[in-house]
Structures are given as structure tokens and as C-alpha cells.
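Participant: The structure follows.
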Amino acid sequence: MPRVDFEKLTAAPDEESSEKIRCRVIEAQLRQIKRFKNSRIHNNSEMGNREILKHCKLDEPSLGLVRSAVNQMHLSARGYSRILKVARTIADLAQEEHILLTHIAEALQFRAPTEF
């Protein structure tokens with residue numbers, strides 16, 4: 001195994017500039033405006049059940065992860081909806097048309113831990 005320089009081990013990862021982040025956020029906002037242009041909704045957080053069913057379709061792996069999360073984390077219907085809305089926003093920021101497994105996983109990481 002080749003040796004790795006100490007500098008490479010301790011160097012900060014490449015970070016996205018504030019300007020690039022700002023551009024991604026604006027693009028995500030425009031994507032949401034376009035998505036909801038013929039409705040009273042302006043962004044993902046305002047989606048109701050009908051919009052969630054339409055705009056948050058999941059593939060089998062993503063559905064399996066959400067199913068496990070609902071069971072293990074004892075998510076309510078509201079918690080389930082919030083996960084999907086956050087995942088939709090993460091997908092928008094990644095400029096993805098569909099919600100992917102990684103988007104669901106990231107949305108689940110944002111959940112505040114609950115005590116049993």
C-alpha cells in the first residue's frame with residue numbers, strides 16, 4: 001500500500017463556494033415555482049397529500065428505506081410526509097428530477113432524534 005502524505009490527510013476537503021451554493025438554491029427555488037405554477041402552492045414545504053403523491057414518487061430501494069424508517073423510528077403520517085418533502089427539496093438542490101435513495105437517506109439524517 002503506498003504511503004499517503006500527511007498534508008493530504010489533514011487538508012480540508014474542497015468546499016463549495018457561497019456563490020455556487022446561492023446559485024443552486026435559486027435554481028431549486030425556480031424548479032419549485034415551475035412545478036407548482038398552476039396551483040396555490042409555491043414550494044415543497046407547502047405540499048399536501050395530493051401533491052406529495054404526484055411529486056414524491058419513489059423507486060423500490062427508496063420506498064424500502066422509508067418503510068424501514070417509518071417502522072423503526074415510529075414515524076407518524078406527518079413525519080412521513082415531512083421526510084418526503086425534505087427529500088424532494090434535496091433532490092431539487094441536486095438538480096435531480098426524481099427522488100433517489102441518497103436523498104431519502106439525507107432527509108432521514110435531518111430528523112431530530114426522539115426518545116422512547
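Residues are named by chain letter and number: chains run A, B, ... in the order of the C-alpha cells, numbers start at 1 in each chain, and ligands are numbered from 1 in the order shown.
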Neighbouring residues of stretch 24-34 of chain A were defined as those with any atom within 6 Å, considering only C-alpha atoms; residues of the same chain fewer than 5 positions away were excluded. Please report them as a PyMOL selection string.
Facilitator: chain A and resi 42-43+92-93
Participant: Can you write just those residues out, N, CA and C atoms, as a compact mmCIF listing (two decimals), in the first residue's frame?
Facilitator:
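This went into part13.txt:
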```
# COMPACT_ATOMS: atom_id res chain seq x y z
N HIS A 42 -46.34 27.27 -3.48
CA HIS A 42 -45.16 27.95 -4.00
C HIS A 42 -43.87 27.14 -3.82
N ASN A 43 -43.86 26.25 -2.81
CA ASN A 43 -42.65 25.47 -2.58
C ASN A 43 -43.00 24.11 -1.98
N ASP A 92 -34.15 18.54 -5.52
CA ASP A 92 -34.15 19.79 -6.29
C ASP A 92 -32.80 20.48 -6.22
N LEU A 93 -32.20 20.51 -5.04
CA LEU A 93 -30.87 21.12 -4.90
C LEU A 93 -29.81 20.37 -5.68
```
Participant: Could you list, as a PyMOL selection string, every residue within 12 Å of A:Glu97, counting only C-alpha atoms and ignoring same-chain residues fewer than 5 positions away?
Facilitator: chain A and resi 28+31-32+35+55-58+87-92+103
Participant: Keeping C-alpha atoms, export the residues of the selection given above as a short mmCIF file (atom, residue, chain, number, x, y, z; two decimals), in the first residue's frame.
Facilitator:
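Saved as result24.cif:
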```
data_model
loop_
_atom_site.label_atom_id
_atom_site.label_comp_id
_atom_site.auth_asym_id
_atom_site.auth_seq_id
_atom_site.Cartn_x
_atom_site.Cartn_y
_atom_site.Cartn_z
CA ALA A 28 -34.05 24.83 -6.75
CA ARG A 31 -37.68 24.44 -10.16
CA GLN A 32 -40.32 24.55 -7.41
CA ARG A 35 -43.53 22.64 -10.57
CA HIS A 55 -44.21 14.86 -6.96
CA CYS A 56 -42.56 12.46 -4.50
CA LYS A 57 -42.73 9.12 -6.27
CA LEU A 58 -40.13 6.67 -5.00
CA ALA A 87 -36.11 14.61 0.22
CA ARG A 88 -37.88 16.39 -2.67
CA THR A 89 -36.03 19.61 -1.75
CA ILE A 90 -32.70 17.78 -1.52
CA ALA A 91 -33.35 16.30 -4.97
CA ASP A 92 -34.15 19.79 -6.29
CA HIS A 103 -31.97 11.96 -0.93
#
```
Participant: Hey, what does DSSP flag as alpha helix (DSSP H) within stretch 2-109 of chain A? Can you give it to me as number ranges by chain?
Facilitator: A: 6-10, 18-35, 49-55, 60-73, 77-93, 101-109
Participant: Smallest atom-to-atom distance to A:Val86: which of A:Leu101, A:Cys23, A:Phe110, A:Glu16, using only C-alpha atoms?
Facilitator: A:Phe110
Participant: Work out how far atom CA of A:Asn49 is from atom CA of A:Ser68, in Å to one decimal.
Facilitator: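 Between these atoms lies a distance of 20.4 Å.
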Participant: Return the single residue from A:Pro61, A:Lys54, A:Arg111, A:Ile21 that is closest to A:Leu75, with distances computed using only C-alpha atoms.
Facilitator: A:Arg111
Participant: Taking into account only C-alpha atoms, which residue in the set A:Phe36, A:Ile83, A:Glu15, A:Arg22 is nearest to A:Leu63?
Facilitator: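 Selected residue with least distance to A:Leu63: A:Ile83.
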